[in-house]
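Below is one structure, written out as structure tokens; the observations come after it.
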2 protein chains.
Amino acid sequence: LRCAVSIGDLNGVSAEIALRAHERVKHIAKPVYFVDKEVLEHAAYIAKLTIPSDFECENIGGRLEIEPGCVTKEAGSYSFDSLTLALEAVESFNCDFLCTLPISKEAINLAGHAYKGHTDYFRKRFDKEAIMVLGCQEMAVALYTEHCMLRVVPPQIRKEKLAEFLIVLAGNIDIAPIGVAGLNPHGGEGGVLGSEDVEIKEAIEIANRHFGRTIFEGVLVPDTAFIPKNRARYKLFVSMYHDHGLSALKALYFEESINLTLNLPIVRVSVDHGCAFDIAYKGKDVSLKSYINAFIIGSRFKNDRTF
Amino acid sequence: LRCAVSIGDLNGVSAEIALRAHERVKHIAKPVYFVDKEVLEHAAYIAKLTIPSDFECENIGGRLEIEPGCVTKEAGSYSFDSLTLALEAVESFNCDFLCTLPISKEAINLAGHAYKGHTDYFRKRFDKEAIMVLGCQEMAVALYTEHCMLRVVPPQIRKEKLAEFLIVLAGNIDIAPIGVAGLNPHGGEGGVLGSEDVEIKEAIEIANRHFGRTIFEGVLVPDTAFIPKNRARYKLFVSMYHDHGLSALKALYFEESINLTLNLPIVRVSVDHGCAFDIAYKGKDVSLKSYINAFIIGSRFKNDRTF
């Protein structure tokens with residue numbers, strides 16, 4: 001397998017991660033880094049790292065003055081070009097899946113690319129409702145709602161819309177059973193604490209009927225959704241909102257988590273952290289776990305659509 | 001120290017816990033069990049357990065036909081009487097703190113006691129805004145809102161009301177720093193994703209000014225609030241709602257958690273699980289960790305008001 005790697009914002013930690021993890025990831029899938037050799041040499045020089053001899057770069061025909069830790073229009077522009085070309089390499093079947101290193105929303109906006117981040121870009125580029133799954137091999141969470149105010153979450157819990165989400169999710173990933181968590185304390189206590197959990201129950205039934213078998217189980221009571229017994233039964237959970245699933249996931253598996261984007265024409269994985277401008281090029285021991293796990297999960301998902 | 005133990009709903013697992021954990025807890029604080037010897041003998045007989053010779057019971061002058069696993073008016077009534085007498089023993093200084101074993105809300109309601117649970121009863125009995133803290137020695141969470149629909153949480157995040165909560169909390173427990181988590185994804189991204197996190201920030205400042213020192217820190221981004229680095233810094237967190245803090249707490253420390261109720265005239269601890277009617281009197285290996293931890297934390301809190 002070949003993995004197209006977009007190099008991310010080079011003022012952050014992405015070059016250090018790519019260079020230091022190369023020996024580890026190359027045995028999982030052959031990485032192809034979308035970065036100009038000259039720019040990379042500059043980054044390696046500042047980071048006091050050497051470029052491995054089998055580090056395959058695809059030139060993107062740009063130049064960049066690296067400014068460690070700074071949010072700049074130039075780095076934003078460069079990261080966006082790297083992303084575009086890496087994506088095209090997967091679309092044209094030169095590579096099997098895409099792994100994105102972190103970009104800065106502020107930097108790409110400065111460069112005139114008005115996206116909120118990778119997922120937003122993919123949604124618009126492919127006109128598809130991308131689904132975000134975060135996690136590692138032990139536990140993963142698919143998010144029904146993502147970056148929205150908590151107060152607008154409850155009105156979105158309607159059985160038809162949620163059932164559609166569940167059907168698209170199960171159509172994209174080959175895992176069962178999937179545990180679906182509720183919205184209100186104690187799962188709404190039979191409607192006394194909100195009607196949304198009843199909608200969730202009905203959405204689960206609609207989705208299971210659609211497939212003619214029980215893929216989704218629940219409603220899991222939110223506060224005990226991720227207790228050991230449930231983690232033994234479910235590898236994948238559905239959370240109704242960002243901070244329910246992710247606060248537990250990150251408490252358990254902080255540095256190991258990755259981001260898998262479903263319902264796109266391509267397979268895309270990503271590290272689950274940002275540019276880490278504060279520690280870039282300082283010789284700090286940046287964790288490589290998320291990047292390595294992104295390769296493991298990306299190649300597995302490409303092969304058999306499991307996590 | 002002497003601990004008054006209310007025996008809980010005897011159709012559930014509480015007698016088994018009390019009998020099996022006695023040897024362990026008696027070295028932490030001397031337990032006084034509020035149950036009639038005759039009723040306890042009946043429970044021990046069904047559970048196939050023997051009553052330790054130093055198992056001190058206070059008769060409550062009632063009778064009960066135990067019906068394993070059933071929700072009955074009689075067991076509800078008995079559990080409520082045990083609670084009332086155990087509480088009075090702490091109020092009259094015969095015991096130093098109260099440990100409650102689980103009651104059934106349905107059963108006490110059948111018996112004509114219209115409370116939603118222990119905490120609701122204490123609030124009404126003492127006319128005080130009890131604060132629920134759940135956790136264990138490694139990590140604890142104080143809840144700003146509890147058993148309410150998620151949709152009514154955001155409107156309650158107002159700086160004056162939250163600052164008052166924080167001031168009462170810090171006035172009741174001797175721990176600093178305390179980490180305060182936000183409400184919206186990424187802590188609201190500076191107001192783009194909701195204004196509530198700005199209110200939380202201001203509430204923290206008001207509370208710290210009140211004490212003239214930094215007790216509260218934050219706003220912690222909700223999804224990374226409980227990552228290892230933060231758990232190393234904070235032993236106590238404040239969560240804005242039930243399932244933010246508790247889903248992470250229970251993912252990490254499910255069977256170890258206990259419930260400590262603050263802002264009452266007495267010290268009260270409790271196990272962090274229900275009656276477990278489904279496994280009562282079946283010879284199952286009911287976990288004793290929560291009950292033992294309740295004794296440890298209750299006696300420590302009684303001594304120096306720390307967790």
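Here, A, B, ... name the chains of the structure tokens in the order displayed, residue numbers run from 1 inside each chain, and ligands are numbered from 1 in the same displayed order.
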Sort by chain and increasing residue number a table of all residues of chain B within 9 Å of chain A, each with its closest pair of atoms and their distance in Å to one decimal, counting only C-alpha atoms, and write it as JSON lines.
```
{"residue": "B:Glu146", "atom": "CA", "partner": "A:Pro185", "partner_atom": "CA", "distance": 7.9}
{"residue": "B:His147", "atom": "CA", "partner": "A:Pro185", "partner_atom": "CA", "distance": 6.0}
{"residue": "B:Cys148", "atom": "CA", "partner": "A:Leu193", "partner_atom": "CA", "distance": 6.1}
{"residue": "B:Met149", "atom": "CA", "partner": "A:Leu193", "partner_atom": "CA", "distance": 5.1}
{"residue": "B:Leu150", "atom": "CA", "partner": "A:Asn184", "partner_atom": "CA", "distance": 5.5}
{"residue": "B:Arg151", "atom": "CA", "partner": "A:Pro154", "partner_atom": "CA", "distance": 5.9}
{"residue": "B:Val152", "atom": "CA", "partner": "A:Arg151", "partner_atom": "CA", "distance": 8.4}
{"residue": "B:Val153", "atom": "CA", "partner": "A:Arg151", "partner_atom": "CA", "distance": 8.0}
{"residue": "B:Pro154", "atom": "CA", "partner": "A:Arg151", "partner_atom": "CA", "distance": 5.9}
{"residue": "B:Pro155", "atom": "CA", "partner": "A:Arg151", "partner_atom": "CA", "distance": 8.4}
{"residue": "B:Leu183", "atom": "CA", "partner": "A:Leu150", "partner_atom": "CA", "distance": 7.0}
{"residue": "B:Asn184", "atom": "CA", "partner": "A:Leu150", "partner_atom": "CA", "distance": 5.5}
{"residue": "B:Pro185", "atom": "CA", "partner": "A:His147", "partner_atom": "CA", "distance": 6.0}
{"residue": "B:His186", "atom": "CA", "partner": "A:His147", "partner_atom": "CA", "distance": 8.3}
{"residue": "B:Gly188", "atom": "CA", "partner": "A:Met149", "partner_atom": "CA", "distance": 7.4}
{"residue": "B:Val192", "atom": "CA", "partner": "A:Met149", "partner_atom": "CA", "distance": 8.8}
{"residue": "B:Leu193", "atom": "CA", "partner": "A:Met149", "partner_atom": "CA", "distance": 5.1}
{"residue": "B:Gly194", "atom": "CA", "partner": "A:Met149", "partner_atom": "CA", "distance": 5.4}
{"residue": "B:Ser195", "atom": "CA", "partner": "A:Met149", "partner_atom": "CA", "distance": 9.0}
{"residue": "B:Pro222", "atom": "CA", "partner": "A:Asp243", "partner_atom": "CA", "distance": 6.0}
{"residue": "B:Asp223", "atom": "CA", "partner": "A:Ser247", "partner_atom": "CA", "distance": 4.0}
{"residue": "B:Thr224", "atom": "CA", "partner": "A:Ser247", "partner_atom": "CA", "distance": 5.9}
{"residue": "B:Ala225", "atom": "CA", "partner": "A:Ser247", "partner_atom": "CA", "distance": 6.9}
{"residue": "B:Phe226", "atom": "CA", "partner": "A:Ala251", "partner_atom": "CA", "distance": 5.0}
{"residue": "B:Ile227", "atom": "CA", "partner": "A:Ala251", "partner_atom": "CA", "distance": 4.5}
{"residue": "B:Pro228", "atom": "CA", "partner": "A:Ala251", "partner_atom": "CA", "distance": 6.7}
{"residue": "B:Arg231", "atom": "CA", "partner": "A:Ala251", "partner_atom": "CA", "distance": 8.8}
{"residue": "B:Tyr241", "atom": "CA", "partner": "A:Pro185", "partner_atom": "CA", "distance": 8.9}
{"residue": "B:His242", "atom": "CA", "partner": "A:Pro185", "partner_atom": "CA", "distance": 6.3}
{"residue": "B:Asp243", "atom": "CA", "partner": "A:Asp223", "partner_atom": "CA", "distance": 5.1}
{"residue": "B:His244", "atom": "CA", "partner": "A:His244", "partner_atom": "CA", "distance": 5.7}
{"residue": "B:Gly245", "atom": "CA", "partner": "A:Ser247", "partner_atom": "CA", "distance": 8.1}
{"residue": "B:Leu246", "atom": "CA", "partner": "A:Asp223", "partner_atom": "CA", "distance": 5.2}
{"residue": "B:Ser247", "atom": "CA", "partner": "A:Asp223", "partner_atom": "CA", "distance": 4.0}
{"residue": "B:Ala248", "atom": "CA", "partner": "A:Ala248", "partner_atom": "CA", "distance": 4.0}
{"residue": "B:Leu249", "atom": "CA", "partner": "A:Ala248", "partner_atom": "CA", "distance": 7.7}
{"residue": "B:Lys250", "atom": "CA", "partner": "A:Ile227", "partner_atom": "CA", "distance": 5.9}
{"residue": "B:Ala251", "atom": "CA", "partner": "A:Ile227", "partner_atom": "CA", "distance": 4.5}
{"residue": "B:Leu252", "atom": "CA", "partner": "A:Leu252", "partner_atom": "CA", "distance": 6.8}
{"residue": "B:Tyr253", "atom": "CA", "partner": "A:Ile227", "partner_atom": "CA", "distance": 8.3}
{"residue": "B:Phe254", "atom": "CA", "partner": "A:Ile227", "partner_atom": "CA", "distance": 6.3}
```
Quick one: residues within 12 Å of Ala170 in chain B, only C-alpha atoms, excluding same-chain residues fewer than 4 positions away - as number ranges by chain? B: 131, 142, 163-166, 174-179, 204, 207-208, 210-211, 213-216, 236-238, 262-263, 305-306
Taking the DSSP assignment computed from this structure's backbone, write out as a PyMOL selection string all residues of range 61-243 of chain A that belong to alpha helix (DSSP H). chain A and resi 73-91+105-110+118-126+159-172+196-211+228-233+242-243
Pull the closest atom pair for each residue of range 46-66 of chain A that gets at most 9 Å from range 23-34 of chain A, along with the distance in Å to one decimal, counting only C-alpha atoms, ordering rows by chain and then ascending residue number, as a tab-separated table.
```
residue	atom	partner	partner_atom	distance
A:Pro52	CA	A:Glu23	CA	8.2
A:Phe55	CA	A:Val32	CA	7.6
A:Glu56	CA	A:Val32	CA	5.3
A:Cys57	CA	A:Tyr33	CA	4.7
A:Glu58	CA	A:Phe34	CA	4.9
A:Asn59	CA	A:Phe34	CA	6.3
A:Ile60	CA	A:Phe34	CA	6.6
```
So that I have them on file, write out the residues from the current selection with N, CA and C atoms, as a tab-separated table (two decimals), in the first residue's frame.
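The file below, selection_7.tsv, is the result:
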```tsv
chain	number	residue	atom	x	y	z
A	52	PRO	N	15.80	10.58	5.97
A	52	PRO	CA	16.13	9.20	5.61
A	52	PRO	C	16.29	9.06	4.10
A	55	PHE	N	13.16	8.41	1.88
A	55	PHE	CA	12.06	9.34	2.17
A	55	PHE	C	11.57	9.90	0.83
A	56	GLU	N	10.48	9.35	0.29
A	56	GLU	CA	10.01	9.73	-1.06
A	56	GLU	C	9.19	11.01	-1.03
A	57	CYS	N	9.70	12.03	-1.72
A	57	CYS	CA	8.97	13.30	-1.76
A	57	CYS	C	8.39	13.55	-3.15
A	58	GLU	N	7.21	14.11	-3.19
A	58	GLU	CA	6.64	14.61	-4.44
A	58	GLU	C	6.72	16.13	-4.37
A	59	ASN	N	7.45	16.71	-5.30
A	59	ASN	CA	7.55	18.17	-5.30
A	59	ASN	C	6.20	18.81	-5.57
A	60	ILE	N	5.96	19.90	-4.84
A	60	ILE	CA	4.72	20.61	-5.14
A	60	ILE	C	5.03	21.95	-5.81
```
Find the residues near Ile266 in chain B: any atom within 9 Å, counting only C-alpha atoms, skip ones fewer than 3 places away on the same chain, and give them as number ranges by chain. B: 87, 90-91, 96-98, 262-263
With a distance cut-off of 7 Å and only C-alpha atoms, select the neighbouring residues of range 6-18 of chain A, excluding the residue or stretch itself and same-chain residues fewer than 4 positions from it, and output the selection as a list of chain:residue names. A:His22, A:Tyr33, A:Phe34, A:Val35, A:Ala43, A:Ala47, A:Ile66, A:Glu67, A:Pro68, A:Gly69, A:Cys70, A:Ala75, A:Gly76, A:Ser79, A:Ser82, A:Leu83, A:Ala86, A:Cys99, A:Thr100, A:Leu101, A:Pro102, A:Ile103, A:Ser104, A:Cys275, A:Ala276, A:Phe277, A:Ala280, A:Tyr281, A:Leu288
Would you compute the distance between CA of Lys201 in chain B and CA of Tyr144 in chain B? Give it in Å to one decimal. 14.5 Å
DSSP on the backbone, then: every residue of range 156-186 of chain B marked strand (DSSP E or B), written as a ChimeraX atom specification. /B:178-181
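Here CA of Ile173 in chain A is placed at a distance of 10.4 Å from CA of Val133 in chain A.
CA of Ser270 in chain B is positioned 21.8 Å from CA of Ala111 in chain B.
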